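Heads up, the thing below is written out as structure tokens.
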Amino acid sequence: MKDLSSFSKKIIELDEIEGIYKTETYDSLCKVVAELLKENSISPVKSSGGNGKKPTLYKKYRILEKNRDNSKFYDEINYKLSSKLDIEYYKNHIDKYKEHRKYIIKLSDFITNNNHLLSVPVSMNERSFQIWGREKFLQKEGGKTIVKNLGLRLEDLNYYDTSEPLAYYSKCREIHQNILIIENKDTYYTMRRHLIGGGETILGENIGTLIYGGGKNINKALNDYKISVEDYVSDIRNKILYFGDLDYEGIIIYEGLYKLFSKEYNMMPFITGYKKMIHKADAESICLPKTKEGQNKNISDIFLREFDKEYRAEIEKILTSGLYIPQEIINITDL
């Protein structure tokens, strides 16, 4: 029986077995598979499902590695890797070591020869390329798992996360201005267009700068707020307003930003905007859409306490009815 150990992949598909062993009938294919199973050369990948024929064969099989002399790999782990690495995991999982070996060696070499470079913080992708020659290795290609398997903390690599640059538009460069963070792109562009076109206020409120929030991603982006905007925008004497969908998720976004900013800034919901949403929905008898399934409804009182009794009751009624008002209810004719 032909040895599959030289096959380039760890998983082999049924039609690949058929091609390798040149079986001309289904019966002969079944005999080949049975023999490979008996030899412990393969094991079925049960999640791949059967092929629907009788007798049933699985669509995929895992190639089992024959007993081999792994002494050279144990020697490498014990004597050639940096002493700063915890080698116990890979000593106990030699197959994983062989799978991750080239990346482990690169990390070991870096720590041995270039450890001084870790004293200067760089971005995640920059550090990833510096060590492995792959800029996405830490972020997307399993690098974090390998680092942890070796007993290192990610902090030991001394990198920082980077956020998407903030999109913002300033009508003026004055201090003591109102900064309006807007959850959704359409509303941001509408209000920006309004100000560029000569609008002096937004719903009667003086707004000096608009910032595009981008929904849930806003918290990460605004962690770098002070280095992402000009000094006149980040000045702590400014007032920060937030305007988003009138639903649980929009409120939770506000509450997260409030916790992030309220120690330094005066932060509030854009109450004028939310009132306008409620008035317009009522005046035009708009049939409100249903809240998306699976929304986190675990809101606190941080948002609702800023509204008077009448509007708070109206907002709670909308939420408990399983409805919401998208901020796109406001368009340029309302401003």
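Letters A, B, ... go to the chains of the structure tokens in the order shown; residues in each chain start at 1; ligands are counted from 1 in the same order.
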Quiz item: Leaving out Tyr103 (chain A) and any residue of its chain fewer than 6 positions from it, which residues lie within 9 Å of it when counting only C-alpha atoms, given as a PyMOL selection string?
Solution: chain A and resi 131-132+143+146
Can you tell me which residues surround region 47-55 of chain A at a distance of at most 9 Å, considering only C-alpha atoms, apart from same-chain residues fewer than 3 positions away, and format the answer as a PDB file with N, CA and C atoms, in the first residue's frame?
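The resulting file, around09.pdb, is shown below:
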```
ATOM      1  N   LEU A  14     -11.531  12.372  -0.308  1.00  0.00           N
ATOM      2  CA  LEU A  14     -11.796  11.041  -0.862  1.00  0.00           C
ATOM      3  C   LEU A  14     -11.398  10.949  -2.324  1.00  0.00           C
ATOM      4  N   ASP A  27     -15.964  -0.149  -5.416  1.00  0.00           N
ATOM      5  CA  ASP A  27     -15.623  -1.260  -4.538  1.00  0.00           C
ATOM      6  C   ASP A  27     -14.127  -1.277  -4.227  1.00  0.00           C
ATOM      7  N   CYS A  30     -13.307   1.462  -1.781  1.00  0.00           N
ATOM      8  CA  CYS A  30     -13.674   1.084  -0.409  1.00  0.00           C
ATOM      9  C   CYS A  30     -12.607   0.186   0.205  1.00  0.00           C
ATOM     10  N   PRO A  44     -10.966   9.003   9.848  1.00  0.00           N
ATOM     11  CA  PRO A  44     -12.015   9.806   9.210  1.00  0.00           C
ATOM     12  C   PRO A  44     -12.205  11.163   9.881  1.00  0.00           C
ATOM     13  N   TYR A  58     -16.347   8.536   4.292  1.00  0.00           N
ATOM     14  CA  TYR A  58     -16.324   9.959   4.627  1.00  0.00           C
ATOM     15  C   TYR A  58     -15.681  10.750   3.486  1.00  0.00           C
ATOM     16  N   LYS A  59     -16.049  12.008   3.406  1.00  0.00           N
ATOM     17  CA  LYS A  59     -15.535  12.845   2.318  1.00  0.00           C
ATOM     18  C   LYS A  59     -14.075  13.256   2.536  1.00  0.00           C
ATOM     19  N   LYS A  60     -13.653  13.282   3.818  1.00  0.00           N
ATOM     20  CA  LYS A  60     -12.281  13.686   4.128  1.00  0.00           C
ATOM     21  C   LYS A  60     -11.693  12.758   5.192  1.00  0.00           C
ATOM     22  N   TYR A  61     -10.354  12.627   5.141  1.00  0.00           N
ATOM     23  CA  TYR A  61      -9.646  11.799   6.122  1.00  0.00           C
ATOM     24  C   TYR A  61      -8.385  12.547   6.578  1.00  0.00           C
TER      25      TYR A  61
END
```
Each region 147-258 of chain A residue no farther than 8 Å from region 293-317 of chain A, nearest pair in Å, only C-alpha atoms, as JSON lines:
```
{"residue": "A:Leu246", "atom": "CA", "partner": "A:Ile315", "partner_atom": "CA", "distance": 7.8}
{"residue": "A:Tyr248", "atom": "CA", "partner": "A:Lys297", "partner_atom": "CA", "distance": 5.5}
{"residue": "A:Glu249", "atom": "CA", "partner": "A:Gln295", "partner_atom": "CA", "distance": 6.6}
{"residue": "A:Ile251", "atom": "CA", "partner": "A:Phe303", "partner_atom": "CA", "distance": 6.5}
{"residue": "A:Ile252", "atom": "CA", "partner": "A:Ile299", "partner_atom": "CA", "distance": 6.0}
{"residue": "A:Tyr254", "atom": "CA", "partner": "A:Phe303", "partner_atom": "CA", "distance": 7.1}
{"residue": "A:Glu255", "atom": "CA", "partner": "A:Ile302", "partner_atom": "CA", "distance": 6.2}
{"residue": "A:Tyr258", "atom": "CA", "partner": "A:Ile302", "partner_atom": "CA", "distance": 8.0}
```
Quiz item: When you draw a straight line from CA of Lys216 (chain A) to CA of Arg134 (chain A), how long is it in Å?
Solution: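 Rounded to one decimal, the two atoms are 28.5 Å apart.
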Quiz item: Which of these, A:Asp235, A:Asp161, A:Glu205, A:Glu141, has the shortest distance to Phe270 (chain A) once you count only C-alpha atoms?
Solution: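 Answer, going by the shortest atom-to-atom distance: A:Glu205.
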Quiz item: In region 9-154 of chain A, what's helix (DSSP H, G or I) per DSSP? Answer as a count of residues only?
Solution: 85
Practice problem: Go through A:Asn40, A:Ser234, A:Thr201, A:Ser71 one by one, measure the shortest atom-to-atom distance of each to Glu174 (chain A) using only C-alpha atoms, and give the residue with the smallest value. | Solution: A:Ser234
Self-check item: Near-Gly244 (chain A) list (8 Å; only C-alpha atoms; drop same-chain fewer than 5 positions) as number ranges by chain
Solution: A: 182-184, 250-251, 326-327
Quiz item: Leaving out region 279-281 of chain A and any residue of its chain fewer than 5 positions from it, which residues lie within 12 Å of it when counting only C-alpha atoms, given as a PyMOL selection string?
Solution: chain A and resi 246+272-274+286-289+311+314-315+318+323-331+334
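The shell of residues at most 12 Å from Lys98 (chain A), with only C-alpha atoms counted and near chain neighbours (fewer than 4 positions) removed, consists of Glu65, Asn70, Lys72, Phe73, Tyr74, Glu76, Ile77, Tyr90, Lys91, Asn92, His93, Ile94, Lys102, Tyr103, Ile104 and Ile105 of chain A.
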Keeping only C-alpha atoms, write the selected residues as a JSON list (two decimals), in the first residue's frame.
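Output contents, as saved in out.json:
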```json
[["chain", "number", "residue", "atom", "x", "y", "z"],
["A", 65, "GLU", "CA", 1.87, 10.40, 11.14],
["A", 70, "ASN", "CA", 11.72, 13.00, 17.03],
["A", 72, "LYS", "CA", 16.37, 16.01, 16.83],
["A", 73, "PHE", "CA", 13.30, 18.13, 17.57],
["A", 74, "TYR", "CA", 13.54, 17.47, 21.31],
["A", 76, "GLU", "CA", 16.36, 21.60, 19.38],
["A", 77, "ILE", "CA", 13.69, 22.49, 21.93],
["A", 90, "TYR", "CA", 6.00, 22.12, 22.86],
["A", 91, "LYS", "CA", 7.90, 19.31, 24.62],
["A", 92, "ASN", "CA", 4.53, 17.78, 25.38],
["A", 93, "HIS", "CA", 3.07, 18.54, 21.93],
["A", 94, "ILE", "CA", 5.86, 17.66, 19.53],
["A", 102, "LYS", "CA", 9.88, 27.96, 11.81],
["A", 103, "TYR", "CA", 7.96, 30.67, 13.65],
["A", 104, "ILE", "CA", 9.27, 29.56, 17.05],
["A", 105, "ILE", "CA", 12.85, 29.64, 15.76]]
```
